[in-house]
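Participant: Sharing structure08.cif here; it has mmCIF, C-alpha atoms and all ligand atoms.
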```
data_query
loop_
_atom_site.label_atom_id
_atom_site.label_comp_id
_atom_site.auth_asym_id
_atom_site.auth_seq_id
_atom_site.Cartn_x
_atom_site.Cartn_y
_atom_site.Cartn_z
CA MET A 1051 0.00 0.00 0.00
CA PHE A 1052 1.29 3.48 -0.86
CA SER A 1053 1.08 6.57 1.23
CA PRO A 1054 -1.04 9.33 -0.42
CA LYS A 1055 2.08 11.31 -1.31
CA ARG A 1056 3.80 8.27 -2.80
CA HIS A 1057 0.67 7.52 -4.82
CA LEU A 1058 0.68 11.10 -6.07
CA ILE A 1059 4.29 10.76 -7.22
CA LEU A 1060 3.51 7.50 -9.03
CA GLU A 1061 0.55 9.10 -10.78
CA TRP A 1062 2.72 12.06 -11.74
CA GLU A 1063 5.19 9.64 -13.35
CA ASN A 1064 2.31 8.00 -15.24
CA VAL A 1065 1.14 11.34 -16.64
CA GLU A 1066 4.70 12.19 -17.60
CA GLN A 1067 4.96 8.90 -19.49
CA THR A 1068 1.66 9.58 -21.27
CA LEU A 1069 2.85 13.01 -22.29
CA ARG A 1070 6.10 11.61 -23.68
CA GLU A 1071 4.30 8.87 -25.57
CA THR A 1072 1.63 10.94 -27.19
CA LEU A 1073 1.91 14.62 -27.80
CA ARG A 1074 5.09 14.48 -29.80
CA TYR A 1075 3.54 12.76 -32.73
CA ARG A 1076 -0.19 12.68 -32.91
CA TYR A 1077 -1.57 16.18 -32.87
CA ASN A 1078 -1.48 18.68 -35.72
CA LYS A 1079 2.23 18.99 -36.51
CA ASN A 1080 2.23 22.76 -36.63
CA VAL A 1081 1.04 23.15 -33.08
CA THR A 1082 2.16 19.94 -31.35
CA VAL A 1083 5.27 21.64 -30.02
CA ASP A 1084 3.17 24.37 -28.39
CA PHE A 1085 1.00 21.84 -26.57
CA TYR A 1086 3.93 19.63 -25.62
CA GLU A 1087 5.86 22.52 -24.14
CA GLU A 1088 2.85 23.89 -22.31
CA CYS A 1089 1.92 20.52 -20.81
CA THR A 1090 5.54 19.79 -19.86
CA LEU A 1091 5.72 23.11 -18.09
CA ARG A 1092 2.55 22.34 -16.14
CA LEU A 1093 3.81 18.89 -15.28
CA ASP A 1094 7.10 20.29 -13.96
CA TYR A 1095 5.26 22.86 -11.88
CA ILE A 1096 2.99 20.22 -10.36
CA ARG A 1097 6.06 18.11 -9.52
CA HIS A 1098 7.59 21.09 -7.78
CA LEU A 1099 4.40 21.44 -5.70
CA ILE A 1100 4.33 17.70 -4.93
CA ASP A 1101 7.93 17.79 -3.73
CA SER A 1102 7.10 20.67 -1.40
CA VAL A 1103 3.85 19.32 0.08
CA GLN A 1104 3.94 17.64 3.50
CA GLY A 1105 2.89 13.99 3.63
CA ASP A 1106 0.18 14.79 6.18
CA ASP A 1107 -1.22 17.88 4.44
CA GLU A 1108 -4.49 16.25 3.41
CA PRO A 1109 -6.13 19.24 1.67
CA GLY A 1110 -2.84 20.02 -0.09
CA LEU A 1111 -2.45 16.43 -1.36
CA ASN A 1112 -6.06 16.37 -2.48
CA ASP A 1113 -5.69 19.66 -4.35
CA LEU A 1114 -2.57 18.41 -6.16
CA MET A 1115 -4.34 15.18 -7.13
CA GLY A 1116 -7.05 17.37 -8.70
CA LYS A 1117 -4.49 19.43 -10.62
CA LEU A 1118 -2.71 16.31 -11.85
CA ASN A 1119 -6.00 14.74 -12.85
CA ALA A 1120 -6.99 17.82 -14.86
CA LEU A 1121 -3.65 17.68 -16.70
CA SER A 1122 -4.11 13.97 -17.40
CA VAL A 1123 -7.56 14.65 -18.89
CA LEU A 1124 -6.14 17.44 -21.03
CA VAL A 1125 -3.25 15.31 -22.36
CA THR A 1126 -5.64 12.47 -23.17
CA ASN A 1127 -8.06 14.78 -24.94
CA ILE A 1128 -5.25 16.22 -27.04
CA GLU A 1129 -4.02 12.70 -27.79
CA ARG A 1130 -7.48 11.68 -28.97
CA SER A 1131 -8.02 14.71 -31.13
CA HIS A 1132 -7.73 13.62 -34.75
CA LEU A 1133 -7.89 15.90 -37.75
CA GLU A 1134 -10.06 13.33 -39.51
CA GLU A 1135 -12.89 13.89 -37.05
CA PHE A 1136 -13.63 17.58 -37.45
CA ALA A 1137 -13.47 20.22 -40.18
CA TRP A 1138 -9.90 21.32 -39.50
CA PRO A 1139 -9.76 24.02 -42.21
CA PHE A 1140 -12.85 25.59 -40.63
CA ALA A 1141 -11.16 25.28 -37.23
CA GLU A 1142 -8.02 27.00 -38.53
CA ALA A 1143 -10.06 29.85 -39.96
CA LEU A 1144 -11.92 30.22 -36.66
CA LYS A 1145 -8.69 30.27 -34.73
CA ARG A 1146 -7.42 33.14 -36.83
CA ILE A 1147 -10.37 35.42 -36.13
CA TYR A 1148 -10.57 34.69 -32.41
CA ARG A 1149 -6.87 34.34 -31.55
CA ASP A 1150 -5.94 38.00 -31.77
CA ALA A 1151 -9.08 39.05 -29.96
CA PHE A 1152 -8.31 37.04 -26.84
CA GLY A 1153 -4.55 37.17 -26.76
CA LYS A 1154 -1.93 35.31 -28.70
CA ASP A 1155 -1.06 33.30 -25.61
CA VAL A 1156 -4.29 31.30 -25.82
CA LEU A 1157 -3.97 27.90 -27.50
CA PHE A 1158 -7.03 26.31 -29.10
CA MET A 1159 -7.35 22.54 -29.05
CA PHE A 1160 -10.00 21.12 -31.38
CA ARG A 1161 -11.65 17.76 -31.08
CA ALA A 1162 -14.90 15.92 -31.77
CA GLU A 1163 -17.54 14.39 -29.51
CA GLY A 1164 -20.45 12.12 -30.30
CA ASP A 1165 -23.42 14.26 -29.30
CA LEU A 1166 -25.17 15.66 -32.37
CA CYS A 1167 -25.19 19.14 -30.89
CA SER A 1168 -21.98 19.03 -28.90
CA TYR A 1169 -20.63 22.39 -29.96
CA ALA A 1170 -18.57 23.83 -27.14
CA VAL A 1171 -15.64 26.01 -26.23
CA ARG A 1172 -14.31 25.20 -22.79
CA PRO A 1173 -12.01 27.99 -21.74
CA GLU A 1174 -9.51 27.37 -18.97
CA SER A 1175 -10.15 29.49 -15.96
CA ILE A 1176 -7.53 32.12 -15.28
CA ARG A 1177 -7.75 31.22 -11.60
CA THR A 1178 -6.20 27.75 -11.88
CA GLY A 1179 -2.80 29.47 -12.11
CA ILE A 1180 -0.58 26.55 -13.18
CA PHE A 1181 -0.13 27.47 -16.81
CA LYS A 1182 1.84 29.82 -18.95
CA ARG A 1183 -0.59 29.68 -21.87
CA ARG A 1184 -4.27 28.93 -21.48
CA ILE A 1185 -5.67 26.08 -23.58
CA ASN A 1186 -9.25 26.44 -24.76
CA SER A 1187 -10.87 23.19 -25.86
CA VAL A 1188 -13.15 23.57 -28.86
CA VAL A 1189 -15.56 20.71 -29.50
CA PHE A 1190 -17.46 19.84 -32.68
CA PRO A 1191 -20.04 17.07 -33.17
CA ARG A 1192 -18.31 14.14 -34.87
CA ALA A 1193 -21.29 13.20 -37.06
CA LEU A 1194 -21.51 16.73 -38.47
CA LYS A 1195 -17.85 16.64 -39.39
CA ASP A 1196 -17.94 18.72 -42.56
CA SER A 1197 -21.20 20.57 -41.98
CA VAL A 1198 -19.55 23.96 -42.17
CA LEU A 1199 -22.82 25.81 -42.76
CA LEU A 1200 -24.12 24.53 -39.43
CA HIS A 1201 -20.77 25.04 -37.71
CA VAL A 1202 -21.47 28.78 -37.75
CA ILE A 1203 -23.26 28.18 -34.47
CA ILE A 1204 -19.89 27.75 -32.76
CA GLY A 1205 -19.71 31.55 -32.69
CA HIS A 1206 -22.05 31.34 -29.69
CA GLU A 1207 -19.55 29.15 -27.85
CA PHE A 1208 -16.75 31.60 -28.49
CA GLY A 1209 -18.91 34.15 -26.69
CA HIS A 1210 -18.40 32.11 -23.51
CA ALA A 1211 -14.63 32.16 -24.09
CA ALA A 1212 -14.71 35.90 -24.74
CA LEU A 1213 -16.35 36.50 -21.37
CA VAL A 1214 -13.59 34.57 -19.60
CA SER A 1215 -10.89 36.47 -21.48
CA ASP A 1216 -12.45 39.89 -21.12
CA PRO A 1217 -14.71 40.30 -18.09
CA THR A 1218 -15.47 43.92 -19.11
CA LEU A 1219 -17.98 42.37 -21.51
CA ASN A 1220 -20.20 41.79 -18.46
CA GLY A 1221 -21.07 45.48 -18.75
CA ILE A 1222 -22.79 44.77 -22.08
CA ILE A 1223 -24.68 41.88 -20.44
CA ARG A 1224 -25.97 44.14 -17.68
CA GLY A 1225 -27.25 46.63 -20.26
CA LEU A 1226 -28.81 43.87 -22.37
CA ILE A 1227 -30.99 42.44 -19.60
CA ALA A 1228 -31.66 45.58 -17.54
CA GLU A 1229 -35.26 45.88 -16.31
CA SER A 1230 -36.21 42.50 -17.77
CA VAL A 1231 -37.28 39.31 -15.99
CA VAL A 1232 -33.72 38.04 -16.44
CA ALA A 1233 -32.44 40.86 -14.23
CA GLU A 1234 -34.85 39.93 -11.44
CA PRO A 1235 -34.70 36.25 -10.42
CA GLN A 1236 -38.02 36.47 -8.51
CA LYS A 1237 -39.83 37.62 -11.59
CA LEU A 1238 -37.95 35.08 -13.69
CA PHE A 1239 -39.47 32.22 -11.72
CA GLN A 1240 -42.98 33.63 -12.12
CA TRP A 1241 -42.39 34.16 -15.83
CA CYS A 1242 -41.24 30.54 -16.20
CA ALA A 1243 -44.25 29.28 -14.23
CA ASP A 1244 -46.62 31.28 -16.43
CA ASN A 1245 -45.07 30.53 -19.80
CA ILE A 1246 -43.03 27.32 -19.84
CA GLY A 1247 -44.63 25.18 -17.14
CA VAL A 1248 -41.94 25.42 -14.44
CA ILE A 1249 -43.29 24.36 -11.04
CA ASN A 1250 -40.29 24.09 -8.69
CA ARG A 1251 -38.77 27.27 -7.39
CA ILE A 1252 -35.85 25.72 -5.40
CA ASP A 1253 -34.39 28.84 -3.72
CA ASP A 1254 -33.09 32.35 -4.35
CA GLY A 1255 -29.52 31.20 -4.94
CA TYR A 1256 -30.64 28.73 -7.59
CA LEU A 1257 -32.74 31.37 -9.35
CA ARG A 1258 -29.93 33.94 -9.26
CA GLU A 1259 -27.54 31.45 -10.81
CA LYS A 1260 -30.01 30.49 -13.55
CA ALA A 1261 -30.84 34.13 -14.28
CA TYR A 1262 -27.14 34.82 -14.81
CA ARG A 1263 -26.87 31.78 -17.08
CA TRP A 1264 -29.78 33.08 -19.18
CA ALA A 1265 -28.12 36.47 -19.44
CA VAL A 1266 -24.85 34.89 -20.57
CA GLU A 1267 -26.57 32.66 -23.14
CA LEU A 1268 -28.38 35.65 -24.64
CA PHE A 1269 -25.10 37.56 -24.77
CA CYS A 1270 -23.39 34.63 -26.52
CA ASP A 1271 -26.09 34.59 -29.21
CA LEU A 1272 -25.43 38.27 -29.75
CA PHE A 1273 -21.69 37.62 -29.87
CA ALA A 1274 -22.18 34.97 -32.55
CA LEU A 1275 -24.33 37.28 -34.65
CA VAL A 1276 -21.75 40.08 -34.45
CA THR A 1277 -18.77 37.86 -35.23
CA MET A 1278 -20.20 35.23 -37.62
CA GLY A 1279 -22.79 37.45 -39.29
CA PRO A 1280 -26.29 36.70 -40.54
CA SER A 1281 -25.42 33.05 -41.28
CA PHE A 1282 -25.78 32.51 -37.54
CA LEU A 1283 -29.56 32.95 -37.84
CA PRO A 1284 -30.30 29.95 -40.11
CA ALA A 1285 -27.68 27.82 -38.31
CA PHE A 1286 -29.29 28.65 -34.96
CA GLN A 1287 -32.75 27.89 -36.35
CA SER A 1288 -31.75 24.66 -38.08
CA LEU A 1289 -29.91 23.15 -35.12
CA LEU A 1290 -31.87 24.35 -32.11
CA GLU A 1291 -35.52 24.57 -33.09
CA ILE A 1292 -36.03 20.81 -32.81
CA LEU A 1293 -34.37 20.76 -29.40
CA SER A 1294 -36.95 23.28 -28.17
CA PHE A 1295 -39.77 20.77 -28.70
CA ARG A 1296 -39.31 19.12 -25.35
CA PRO A 1297 -42.02 18.71 -22.77
CA SER A 1298 -42.15 21.40 -20.12
CA GLN A 1299 -39.41 21.23 -17.50
CA PRO A 1300 -40.11 21.26 -13.76
CA TYR A 1301 -37.15 23.59 -13.00
CA VAL A 1302 -35.84 26.84 -14.45
CA GLY A 1303 -33.32 25.58 -16.99
CA THR A 1304 -29.86 26.81 -17.93
CA HIS A 1305 -30.89 28.34 -21.26
CA PRO A 1306 -33.65 30.81 -22.13
CA PRO A 1307 -36.40 29.40 -24.36
CA PHE A 1308 -35.58 29.11 -28.04
CA ALA A 1309 -38.40 31.59 -28.80
CA SER A 1310 -36.91 34.28 -26.54
CA ARG A 1311 -33.49 33.82 -28.10
CA ALA A 1312 -34.98 34.07 -31.60
CA VAL A 1313 -36.82 37.30 -30.76
CA MET A 1314 -33.67 38.86 -29.31
CA LEU A 1315 -31.71 37.88 -32.41
CA LEU A 1316 -34.38 39.41 -34.64
CA HIS A 1317 -34.11 42.76 -32.82
CA ALA A 1318 -30.32 42.59 -32.86
CA ALA A 1319 -30.09 41.68 -36.55
CA ARG A 1320 -32.36 44.60 -37.38
CA SER A 1321 -30.39 47.07 -35.31
CA LEU A 1322 -27.11 45.93 -36.90
CA GLU A 1323 -28.77 46.02 -40.35
CA LEU A 1324 -27.81 42.42 -41.02
CA LEU A 1325 -31.14 41.66 -42.66
CA TYR A 1326 -30.16 43.14 -45.99
CA SER A 1327 -33.61 42.70 -47.54
CA GLU A 1328 -35.08 45.01 -44.88
CA ARG A 1329 -32.66 47.89 -45.26
CA SER A 1330 -34.39 51.20 -45.91
CA SER A 1331 -32.00 52.21 -48.68
CA PRO A 1332 -31.88 49.99 -51.76
CA ASN A 1333 -28.79 47.78 -51.85
CA ASP A 1334 -27.45 45.06 -54.08
CA LEU A 1335 -27.84 42.36 -51.45
CA MET A 1336 -31.53 43.13 -50.98
CA GLN A 1337 -32.79 40.58 -53.50
CA LEU A 1338 -30.12 37.98 -52.81
CA SER A 1339 -30.85 37.85 -49.11
CA ALA A 1340 -34.66 38.08 -49.22
CA PRO A 1341 -35.41 34.32 -49.05
CA LEU A 1342 -32.90 33.70 -46.24
CA ASP A 1343 -34.10 36.69 -44.22
CA LYS A 1344 -37.72 35.65 -44.65
CA GLY A 1345 -37.11 32.22 -43.14
CA PHE A 1346 -35.81 33.63 -39.87
CA VAL A 1347 -38.10 36.68 -39.72
CA ASP A 1348 -41.19 34.49 -40.16
CA LEU A 1349 -40.03 32.26 -37.31
CA ALA A 1350 -39.12 34.98 -34.81
CA THR A 1351 -42.03 37.30 -35.59
CA LYS A 1352 -44.44 34.69 -34.26
CA TRP A 1353 -43.15 35.45 -30.74
CA ALA A 1354 -42.05 39.09 -31.08
CA ALA A 1355 -45.26 40.57 -29.68
CA GLY A 1356 -45.92 37.98 -26.97
CA PRO A 1357 -44.49 36.98 -23.60
CA PHE A 1358 -41.40 35.38 -25.14
CA SER A 1359 -40.12 38.83 -25.99
CA ILE A 1360 -38.38 39.15 -22.62
CA LEU A 1361 -35.88 41.92 -23.41
CA ASP A 1362 -36.46 45.56 -24.25
CA PRO A 1363 -35.75 45.94 -28.02
CA ALA A 1364 -34.04 49.29 -27.42
CA ARG A 1365 -31.67 47.68 -24.92
CA VAL A 1366 -30.99 44.81 -27.32
CA ALA A 1367 -30.13 47.34 -30.03
CA GLN A 1368 -27.82 49.24 -27.69
CA ALA A 1369 -26.02 46.07 -26.57
CA ALA A 1370 -25.68 44.88 -30.18
CA ILE A 1371 -24.11 48.16 -31.22
CA GLU A 1372 -21.71 48.21 -28.25
CA LEU A 1373 -20.64 44.64 -28.95
CA SER A 1374 -20.22 45.41 -32.62
CA GLN A 1375 -17.91 48.32 -31.72
CA PHE A 1376 -15.97 46.01 -29.39
CA ALA A 1377 -15.50 43.55 -32.28
CA GLN A 1378 -14.56 46.22 -34.78
CA ASN A 1379 -11.80 47.42 -32.51
CA ARG A 1380 -10.12 44.03 -32.79
CA PRO A 1381 -8.46 42.64 -35.91
CA LEU A 1382 -10.69 40.26 -37.88
CA LEU A 1383 -13.24 39.71 -35.09
CA ALA A 1384 -16.25 41.51 -36.56
CA PHE A 1385 -18.20 39.98 -39.42
CA PRO A 1386 -16.84 41.77 -42.50
CA ALA A 1387 -19.33 43.87 -44.45
CA PRO A 1388 -20.18 41.82 -47.54
CA ASP A 1389 -19.68 43.25 -50.98
CA ALA A 1390 -22.60 42.38 -53.26
CA GLN A 1391 -20.35 41.80 -56.26
CA LEU A 1392 -18.21 39.35 -54.30
CA ILE A 1393 -21.21 37.55 -52.84
CA SER A 1394 -22.81 37.07 -56.24
CA GLN A 1395 -19.48 35.85 -57.63
CA LEU A 1396 -19.26 33.28 -54.84
CA MET A 1397 -22.88 32.23 -55.37
CA ARG A 1398 -22.24 31.83 -59.09
CA SER A 1399 -19.30 29.57 -58.32
CA ILE A 1400 -21.43 27.42 -56.04
CA GLY A 1401 -24.10 27.24 -58.77
CA ASP A 1402 -21.40 26.06 -61.21
CA LYS A 1403 -20.34 23.42 -58.65
CA VAL A 1404 -17.00 25.14 -58.17
CA PRO A 1405 -15.80 25.77 -54.59
CA PRO A 1406 -16.27 29.51 -53.99
CA ALA A 1407 -12.63 30.18 -53.07
CA GLY A 1408 -9.63 32.01 -54.37
CA MET A 1409 -8.56 35.52 -54.90
CA TYR A 1410 -10.85 38.46 -55.27
CA PRO A 1411 -11.05 40.46 -57.46
CA ALA A 1412 -10.05 37.77 -59.91
CA THR A 1413 -9.14 40.23 -62.63
CA ILE A 1414 -6.12 41.02 -64.75
CA THR A 1415 -5.05 44.63 -64.99
CA ALA A 1416 -2.45 46.31 -67.16
CA SER A 1417 0.82 47.74 -65.81
CA PRO A 1418 1.99 51.20 -67.00
CA ASP A 1419 4.00 49.56 -69.79
CA GLY A 1420 0.98 47.60 -70.91
CA ALA A 1421 2.02 44.19 -69.57
CA PRO A 1422 -0.78 42.24 -67.89
CA LEU A 1423 -0.67 42.07 -64.11
CA LEU A 1424 -2.65 39.90 -61.80
CA ALA A 1425 -4.65 41.92 -59.32
CA GLU A 1426 -3.44 42.01 -55.73
CA PRO A 1427 -4.43 38.63 -54.26
CA ARG A 1428 -6.95 38.76 -51.46
CA ILE A 1429 -8.22 35.86 -49.39
CA VAL A 1430 -11.99 35.76 -49.13
CA ASP A 1431 -13.06 35.76 -45.49
CA PHE A 1432 -14.51 32.32 -44.70
CA ARG A 1433 -17.58 33.96 -43.14
CA LEU A 1434 -18.44 35.45 -46.52
CA ILE A 1435 -18.10 32.01 -48.13
CA LEU A 1436 -20.54 30.66 -45.56
CA PHE A 1437 -22.91 33.58 -46.06
CA ALA A 1438 -22.87 32.96 -49.83
CA GLY A 1439 -23.52 29.28 -49.08
CA TRP A 1440 -26.56 30.01 -46.91
CA LEU A 1441 -27.89 32.47 -49.49
CA THR A 1442 -27.50 29.87 -52.25
CA SER A 1443 -29.13 27.16 -50.19
CA SER A 1444 -32.10 29.41 -49.41
CA VAL A 1445 -32.93 29.79 -53.09
CA GLU A 1446 -34.19 26.23 -52.93
CA PRO A 1447 -35.90 25.57 -49.60
CA VAL A 1448 -33.84 23.05 -47.65
CA ASP A 1449 -37.02 21.26 -46.65
CA LYS A 1450 -37.60 20.32 -50.27
CA ASN A 1451 -34.07 19.54 -51.27
CA GLU A 1452 -31.62 18.21 -48.73
CA ALA A 1453 -29.33 17.09 -51.57
CA HIS A 1454 -28.99 20.69 -52.73
CA PHE A 1455 -28.09 21.80 -49.21
CA ARG A 1456 -25.46 19.07 -48.93
CA GLN A 1457 -24.01 20.03 -52.30
CA VAL A 1458 -23.76 23.71 -51.31
CA ASN A 1459 -22.25 22.75 -47.98
CA ARG A 1460 -19.66 20.59 -49.72
CA MET A 1461 -18.65 23.43 -52.04
CA CYS A 1462 -18.22 25.78 -49.07
CA SER A 1463 -16.26 23.19 -47.11
CA HIS A 1464 -13.89 22.64 -50.05
CA ALA A 1465 -13.53 26.38 -50.58
CA ILE A 1466 -12.48 26.93 -46.97
CA MET A 1467 -9.99 24.08 -47.26
CA GLN A 1468 -8.51 25.54 -50.45
CA GLN A 1469 -8.24 28.94 -48.86
CA GLU A 1470 -6.53 27.58 -45.79
CA GLY A 1471 -4.05 25.94 -48.17
CA ILE A 1472 -3.37 29.33 -49.73
CA VAL A 1473 -3.00 30.96 -46.30
CA HIS A 1474 -0.50 28.31 -45.19
CA TRP A 1475 1.45 28.74 -48.41
CA LEU A 1476 1.55 32.52 -48.02
CA GLU A 1477 2.62 32.20 -44.39
CA SER A 1478 5.40 29.75 -45.17
CA GLU A 1479 6.60 31.96 -48.05
CA ALA A 1480 6.69 34.90 -45.64
CA ARG A 1481 8.62 32.81 -43.09
CA LEU A 1482 11.13 31.69 -45.69
CA SER A 1483 11.73 35.20 -46.98
CA ALA A 1484 12.10 36.46 -43.37
CA GLN A 1485 14.71 33.73 -42.75
CA GLY A 1486 16.48 34.68 -45.97
CA ALA A 1487 16.61 38.30 -44.89
CA THR A 1488 18.36 37.55 -41.60
ZN ZN B 1 -24.04 28.78 -24.38
#
```
Re-express the file's structure as structure tokens.
Ligand SMILES: [Zn+2]
Facilitator:
Amino acid sequence: MFSPKRHLILEWENVEQTLRETLRYRYNKNVTVDFYEECTLRLDYIRHLIDSVQGDDEPGLNDLMGKLNALSVLVTNIERSHLEEFAWPFAEALKRIYRDAFGKDVLFMFRAEGDLCSYAVRPESIRTGIFKRRINSVVFPRALKDSVLLHVIIGHEFGHAALVSDPTLNGIIRGLIAESVVAEPQKLFQWCADNIGVINRIDDGYLREKAYRWAVELFCDLFALVTMGPSFLPAFQSLLEILSFRPSQPYVGTHPPFASRAVMLLHAARSLELLYSERSSPNDLMQLSAPLDKGFVDLATKWAAGPFSILDPARVAQAAIELSQFAQNRPLLAFPAPDAQLISQLMRSIGDKVPPAGMYPATITASPDGAPLLAEPRIVDFRLILFAGWLTSSVEPVDKNEAHFRQVNRMCSHAIMQQEGIVHWLESEARLSAQGAT
């Protein structure tokens, strides 16, 4: 039989062995070194703490076992993350837009889980204090591997990570829910009893915690709309509507009702002018986006004038605009304003069964001496590819033609992969020329 401290040392040696066996080889080769170094650093730090702890310090030993266990789970999750199980080009593109916003020291680890709706970003808490670089786990549903059009919903999950990285965003949450039932847990329980069949109140602490969860979930929807753009609306509708058809729940749940989220998104999309068909001034996207807009507007309008409209539209608009300014102050974070010419070019490509990727504008200009020059290459933002995909799919209602939706999705998925290839090539060219210059 081992003493608790001896057992801890043996377990530490086991985790060290696991780390040596796995991380060197199996994860994405470009980032394996980062994870290996970070995990090694954590392991060394835990060993230092184990060596210092007294053999009879029961809470101390227990705490270290917890830290070691968390590291073991992390190493195993990284080991089991395989590029074949999730849309890695999509993941790379996501990483680029969120990395700069939350600090270059954050590592993102992507993996798949079996649940059909297991989209998640699990940010490491700053308080754990045993790391140099935080590792955020990003989870995609395995069965939806290449469903990039639906993956837009992951923008919501990055909202949770954003809150951990930048707690000042809580100010926007307070403004969003002010004077609503979400801001007053007592009223929230009564609202749930009246409208969604909740019967058990539990206690004030429970209600306060759930009210905060609702506020955060609503904020994350807003965050997804601001960062991923109007494609979030059909992705949200497609994935979550069916999950809302569950029998009434006896307790106040963790998420606001689907209907309340849809109404908030409708107000927010209008205030950010992301429903292009509704803009007061004529614009070239008006016609293209009409069918897609209609699908979501018809859904959310059903609840906009009833009890499921739980937030003040003026406060939603204010929060949406503040969050949009927050995103625009960070490189790449905000959904880029779409250019109608580009969007129709991408839609034409999809119609021709060509992945909507490549440089834009794809034109040849003449140099001063008359020789032809290729226009300055420009990578198309992957969110615009997805927007063009959703617009194309909405021309034929998905309900009538799943094959068309799959085809459009495949084109978008290939386009993002091709573009990531171009980005990697450009980055390695830049690295090589930087090395040559030194
Ligand atoms: Zn959430």
Participant: Residues within 6 Å of Ile1185 (chain A), please, as an MDAnalysis selection string. Count only C-alpha atoms; anything in the same chain fewer than 6 positions from it doesn't count.
Facilitator: chainID A and resid 1156:1158
Participant: Could you make a table, as JSON lines, of the residues of chain A that have an atom within 12 Å of an atom of ligand ZN 1 (chain B), each with its nearest atom pair and distance in Å to one decimal, counting all atoms listed in the file, in chain and number order?
Facilitator:
```
{"residue": "A:Cys1167", "atom": "CA", "partner": "B:ZN1", "partner_atom": "ZN", "distance": 11.7}
{"residue": "A:Ser1168", "atom": "CA", "partner": "B:ZN1", "partner_atom": "ZN", "distance": 10.9}
{"residue": "A:Tyr1169", "atom": "CA", "partner": "B:ZN1", "partner_atom": "ZN", "distance": 9.1}
{"residue": "A:Ala1170", "atom": "CA", "partner": "B:ZN1", "partner_atom": "ZN", "distance": 7.9}
{"residue": "A:Val1171", "atom": "CA", "partner": "B:ZN1", "partner_atom": "ZN", "distance": 9.0}
{"residue": "A:Arg1172", "atom": "CA", "partner": "B:ZN1", "partner_atom": "ZN", "distance": 10.5}
{"residue": "A:Ile1203", "atom": "CA", "partner": "B:ZN1", "partner_atom": "ZN", "distance": 10.1}
{"residue": "A:Ile1204", "atom": "CA", "partner": "B:ZN1", "partner_atom": "ZN", "distance": 9.4}
{"residue": "A:Gly1205", "atom": "CA", "partner": "B:ZN1", "partner_atom": "ZN", "distance": 9.8}
{"residue": "A:His1206", "atom": "CA", "partner": "B:ZN1", "partner_atom": "ZN", "distance": 6.2}
{"residue": "A:Glu1207", "atom": "CA", "partner": "B:ZN1", "partner_atom": "ZN", "distance": 5.7}
{"residue": "A:Phe1208", "atom": "CA", "partner": "B:ZN1", "partner_atom": "ZN", "distance": 8.8}
{"residue": "A:Gly1209", "atom": "CA", "partner": "B:ZN1", "partner_atom": "ZN", "distance": 7.8}
{"residue": "A:His1210", "atom": "CA", "partner": "B:ZN1", "partner_atom": "ZN", "distance": 6.6}
{"residue": "A:Ala1211", "atom": "CA", "partner": "B:ZN1", "partner_atom": "ZN", "distance": 10.0}
{"residue": "A:Ala1212", "atom": "CA", "partner": "B:ZN1", "partner_atom": "ZN", "distance": 11.7}
{"residue": "A:Leu1213", "atom": "CA", "partner": "B:ZN1", "partner_atom": "ZN", "distance": 11.3}
{"residue": "A:Tyr1262", "atom": "CA", "partner": "B:ZN1", "partner_atom": "ZN", "distance": 11.7}
{"residue": "A:Arg1263", "atom": "CA", "partner": "B:ZN1", "partner_atom": "ZN", "distance": 8.4}
{"residue": "A:Trp1264", "atom": "CA", "partner": "B:ZN1", "partner_atom": "ZN", "distance": 8.9}
{"residue": "A:Ala1265", "atom": "CA", "partner": "B:ZN1", "partner_atom": "ZN", "distance": 10.0}
{"residue": "A:Val1266", "atom": "CA", "partner": "B:ZN1", "partner_atom": "ZN", "distance": 7.2}
{"residue": "A:Glu1267", "atom": "CA", "partner": "B:ZN1", "partner_atom": "ZN", "distance": 4.8}
{"residue": "A:Leu1268", "atom": "CA", "partner": "B:ZN1", "partner_atom": "ZN", "distance": 8.1}
{"residue": "A:Phe1269", "atom": "CA", "partner": "B:ZN1", "partner_atom": "ZN", "distance": 8.9}
{"residue": "A:Cys1270", "atom": "CA", "partner": "B:ZN1", "partner_atom": "ZN", "distance": 6.3}
{"residue": "A:Asp1271", "atom": "CA", "partner": "B:ZN1", "partner_atom": "ZN", "distance": 7.8}
{"residue": "A:Leu1272", "atom": "CA", "partner": "B:ZN1", "partner_atom": "ZN", "distance": 11.0}
{"residue": "A:Phe1273", "atom": "CA", "partner": "B:ZN1", "partner_atom": "ZN", "distance": 10.7}
{"residue": "A:Ala1274", "atom": "CA", "partner": "B:ZN1", "partner_atom": "ZN", "distance": 10.4}
{"residue": "A:Phe1286", "atom": "CA", "partner": "B:ZN1", "partner_atom": "ZN", "distance": 11.8}
{"residue": "A:Leu1290", "atom": "CA", "partner": "B:ZN1", "partner_atom": "ZN", "distance": 11.9}
{"residue": "A:Thr1304", "atom": "CA", "partner": "B:ZN1", "partner_atom": "ZN", "distance": 8.9}
{"residue": "A:His1305", "atom": "CA", "partner": "B:ZN1", "partner_atom": "ZN", "distance": 7.5}
{"residue": "A:Pro1306", "atom": "CA", "partner": "B:ZN1", "partner_atom": "ZN", "distance": 10.1}
{"residue": "A:Arg1311", "atom": "CA", "partner": "B:ZN1", "partner_atom": "ZN", "distance": 11.3}
```
Participant: Record the distance separating CA of Gln1395 (chain A) and CA of Leu1289 (chain A), expressed in Å with one decimal.
Facilitator: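 Pair CA of Gln1395 (chain A) / CA of Leu1289 (chain A) returns 27.9 Å.
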